[in-house]
Amino acid sequence: MNKLKKHQLITVFMATLTYCLYYFGRYHYGVLLPFIQEFFTLTNLQIGLFATILTAGYSLGQFINGFLIDKYGSRLMLAMGAILSSLANIATGFGVSYFMMLFTWFIVGYTQAMGFGSTCKIYTEWFPIKDRGKMLGLQEGMQSLTTAIVPVITAIIITNFGWRAGFMLPVIPLFFVGFLAYNVIRNRPSDVGLEVDWAVPPMSGGLLDDAKEAYKNALSDWRMLVTYVSYGFSQFVFFALATWIPIYIYNQTGKILEAAWVLTGLGIGGLFGGVIMGFGTDLIKKRYPLITIGLGFAGIALIVFTLMPNAPIFILSLLMVLCGVGLDSIEVPLFLLPMDILEKRGTPATGTGCLNAVGKFFATFQGILFALLLDITGSFANTFLIIAGVSILGGLIVIPINK
C-alpha cells in the first residue's frame with residue numbers, strides 16, 4: 001500500500017467515524033420531544049418551535065462555517081464542532097426551563113454545523129472527482145446507520161435513566177473523538193508531504209476579501225441556486241418526518257419504542273441508499289437523475305404511508321425505510337454538486353455550507369408549519385400528503401442542471 005492510499009484510508013475512517021458520532025448529538029431529539037412536551041406542558045406549536053430552533057441554529061452555522069472551513073481548514077472545524085456540540089447537548093439536558101433549553105438547543109444546532117462541510121472539504125482535498133461519490137456515499141451510508149440506531153438507543157436510555165439523560169449520555173463518545181480527530185486528520189495531502197494533481201487552491205488573501213469571493217462563487221451560479229432549493233425541499237420533508245412521526249405513532253400506541261422503531265426506518269433506508277447512490281453517481285457521471293428519482297420515490301412511499309394509518313408497525317417501519325432510501329441517500333449527489341462546481345475556485349466548503357444552510361433554513365419552518373396545518377386540519381394524513389408533494393417537487397426542479 002502506497003503512502004497516499006494509506007493516508008486516504010485513515011482520513012476516510014476518522015472523518016466518517018467522527019461525523020457519524022455527530023448524529024448522536026442531534027438525531028436523538030425526535031424521541032425526546034413527547035417527554036419534553038409532557039414535562040413542560042407544551043402545545044404542538046411550542047414543541048414545533050423546539051424542533052425549529054435546532055435547524056435555525058444549524059442553518060446559520062452552515063452559512064458561516066462553510067467559509068471558515070475553506071479558510072482555516074476542516075481538521076480544526078470538525079474537531080471544534082464535536083467538542084462544543086457535546087457540551088451544548090449536556091447543557092440542554094440540564095435545562096430547568098423550556099426557554100433555557102431553546103437557547104442551548106440553538107447552540108447545539110450552530111456547533112453541529114461544523115461537521116458535514118468539514119468532511120466534504122476533506123474528500124475534495126484527498127480524492128479526485130471520480131472517487132468522491134464512493135467516499136461520500138460510504139459516509140452517508142454509515143451516518144444513515146447511525147440515524148437508524150440513535151432513536152432506539154435514546155429510547156432505551158430514556159426508559160432506564162429518564163429523558164434528561166437522553167441529551168447527555170449519547171454525546172460522550174463524540175466529545176472524546178473530537179480530540180482524536182484533531183490529532184489524526186490532516187487538511188490536505190501536502191500536509192504529509194504528498195502532491196496530487198487535483199489539489200484545491202488554498203485561500204491566501206485577507207479574511208474579508210476571501211469571504212467576498214467565496215460567497216460570490218457560491219451564490220452567483222444558477223446551478224447552485226437550483227440545488228439549494230431542491231435540497232431545501234428535501235430537508236423540509238425529512239425533518240418533518242423526523243419530528244412528527246414519533247409523535248404520530250406515540251399518540252396512536254402510547255409506546256415510545258414502537259415510535260422509535262418506525263422512525264428508525266428512515267435511517268435504515270439511507271444506509272442502503274447512500275452506498276448505492278455513491279457508487280451509482282460515480283458510475284453514470286451524473287448527479288441530477290438520482291436526485292429526481294430519489295425524491296419522487298420518497299414522495300410516493302409517504303403517500304402510501306398516509307393511506308395505511310392502521311397498518312402494523314412492521315409495515316409502517318418498512319414504508320419509512322422506503323422514504324429513507326429516497327430522502328436520506330440523495331444527499332450524496334446533492335452535496336457532490338458544490339464539490340464539482342466550485343472545486344477549481346477553491347471554495348467547495350462555502351458552497352456546501354450554503355447548500356446546508358438553505359436546506360436547514362427550509363427545515364426550520366417545518367416544525368411551525370406542520371403544527372399549524374395539524375391544528376387547522378386536525379389530520380396527520382392531510383398534512384403528510386402535502387409533505388409528499390413537496391418531496392416530488394424537489395426532485396423535478398433539478399432536471400435542468402444536467403450535471
# chains A, B, ... in the order shown; residues from 1 in each chain; ligands from 1
call {"tool": "residues_around", "arguments": {"residues": "range 385-394 of chain A", "least_positions_apart": "3", "cutoff": "9 Å", "atoms": "only C-alpha atoms", "output": "VMD selection string"}}
result
chain A and resid 229 to 238 240 to 241 291 to 303 306 327 370 380 to 382 397 to 398
call {"tool": "select_by_dssp", "arguments": {"residues": "range 50-234 of chain A", "states": "alpha helix (DSSP H)", "output": "PyMOL selection string"}}
result
chain A and resi 50-72+74-93+98-112+116-126+132-161+165-168+172-184+207-220+222-234
call {"tool": "atom_distance", "arguments": {"atom1": "CA of Ile247 in chain A", "atom2": "CA of Ala259 in chain A"}}
result
7.4 Å
call {"tool": "residues_around", "arguments": {"residues": "Leu194 in chain A", "least_positions_apart": "4", "cutoff": "12 Å", "atoms": "only C-alpha atoms", "output": "PyMOL selection string"}}
result
chain A and resi 2-8+125-126+186-190+198-199
call {"tool": "atom_distance", "arguments": {"atom1": "CA of Met80 in chain A", "atom2": "CA of Gly61 in chain A"}}
result
12.7 Å
call {"tool": "residues_around", "arguments": {"residues": "range 34-42 of chain A", "least_positions_apart": "5", "cutoff": "10 Å", "atoms": "only C-alpha atoms", "output": "PyMOL selection string"}}
result
chain A and resi 29+47-48+50+96-98+101+158+162-164+244+246-247+250-251+256
call {"tool": "write_last_selection", "arguments": {"atoms": "C-alpha atoms", "output": "PDB file, in the first residue's frame"}}
result
ATOM      1  CA  TYR A  29     -34.391  14.692  19.669  1.00  0.00           C
ATOM      2  CA  ILE A  47     -42.868  21.671  20.600  1.00  0.00           C
ATOM      3  CA  GLY A  48     -42.648  22.524  16.912  1.00  0.00           C
ATOM      4  CA  PHE A  50     -38.164  23.326  19.762  1.00  0.00           C
ATOM      5  CA  VAL A  96     -34.517  23.946  34.051  1.00  0.00           C
ATOM      6  CA  SER A  97     -36.959  25.766  31.787  1.00  0.00           C
ATOM      7  CA  TYR A  98     -38.311  25.460  28.278  1.00  0.00           C
ATOM      8  CA  MET A 101     -33.460  24.616  26.645  1.00  0.00           C
ATOM      9  CA  ILE A 158     -34.942   7.331  28.480  1.00  0.00           C
ATOM     10  CA  GLY A 162     -35.005   9.459  32.274  1.00  0.00           C
ATOM     11  CA  TRP A 163     -35.371  11.870  29.380  1.00  0.00           C
ATOM     12  CA  ARG A 164     -32.658  14.294  30.505  1.00  0.00           C
ATOM     13  CA  TRP A 244     -43.691  14.282  13.801  1.00  0.00           C
ATOM     14  CA  PRO A 246     -42.586   9.694  16.692  1.00  0.00           C
ATOM     15  CA  ILE A 247     -45.406  11.906  17.999  1.00  0.00           C
ATOM     16  CA  TYR A 250     -46.768   7.541  20.137  1.00  0.00           C
ATOM     17  CA  ASN A 251     -50.225   9.137  20.087  1.00  0.00           C
ATOM     18  CA  ILE A 256     -42.173   5.161  22.658  1.00  0.00           C
TER      19      ILE A 256
END
call {"tool": "residues_around", "arguments": {"residues": "Phe103 in chain A", "least_positions_apart": "3", "cutoff": "12 Å", "atoms": "only C-alpha atoms", "output": "MDAnalysis selection string"}}
result
chainID A and resid 49:50 52:54 56:57 88:89 91:93 95:100 106:110
call {"tool": "write_last_selection", "arguments": {"atoms": "C-alpha atoms", "output": "short mmCIF file (atom, residue, chain, number, x, y, z; two decimals), in the first residue's frame"}}
result
data_model
loop_
_atom_site.label_atom_id
_atom_site.label_comp_id
_atom_site.auth_asym_id
_atom_site.auth_seq_id
_atom_site.Cartn_x
_atom_site.Cartn_y
_atom_site.Cartn_z
CA LEU A 49 -40.59 25.58 17.87
CA PHE A 50 -38.16 23.33 19.76
CA THR A 52 -37.37 24.63 14.58
CA ILE A 53 -34.74 26.27 16.79
CA LEU A 54 -32.30 23.41 16.12
CA ALA A 56 -32.31 27.63 12.70
CA GLY A 57 -29.00 27.33 14.56
CA ALA A 88 -24.15 22.16 24.42
CA ASN A 89 -26.15 18.91 24.48
CA ALA A 91 -26.25 21.85 28.93
CA THR A 92 -29.62 21.22 27.24
CA GLY A 93 -30.13 18.14 29.38
CA GLY A 95 -32.13 22.89 31.29
CA VAL A 96 -34.52 23.95 34.05
CA SER A 97 -36.96 25.77 31.79
CA TYR A 98 -38.31 25.46 28.28
CA PHE A 99 -36.73 28.77 27.22
CA MET A 100 -33.33 27.83 28.64
CA PHE A 106 -29.90 26.58 19.27
CA ILE A 107 -26.21 26.39 20.23
CA VAL A 108 -26.32 22.65 19.52
CA GLY A 109 -27.58 23.39 16.02
CA TYR A 110 -24.90 26.00 15.36
#
call {"tool": "closest_residue", "arguments": {"among": "A:Asp191, A:Asp375, A:Asp328, A:Asp221", "to": "Gly73 in chain A", "atoms": "only C-alpha atoms"}}
result
A:Asp191
call {"tool": "closest_residue", "arguments": {"among": "A:Ala113, A:Ile185, A:Leu180, A:Ala218", "to": "Pro348 in chain A", "atoms": "only C-alpha atoms"}}
result
A:Ala218
call {"tool": "closest_residue", "arguments": {"among": "A:Lys360, A:Lys344, A:Arg26, A:Arg75", "to": "Pro202 in chain A", "atoms": "only C-alpha atoms"}}
result
A:Lys344
call {"tool": "residues_around", "arguments": {"residues": "Phe305 in chain A", "least_positions_apart": "5", "cutoff": "8 Å", "atoms": "only C-alpha atoms", "output": "VMD selection string"}}
result
chain A and resid 316 319 to 320
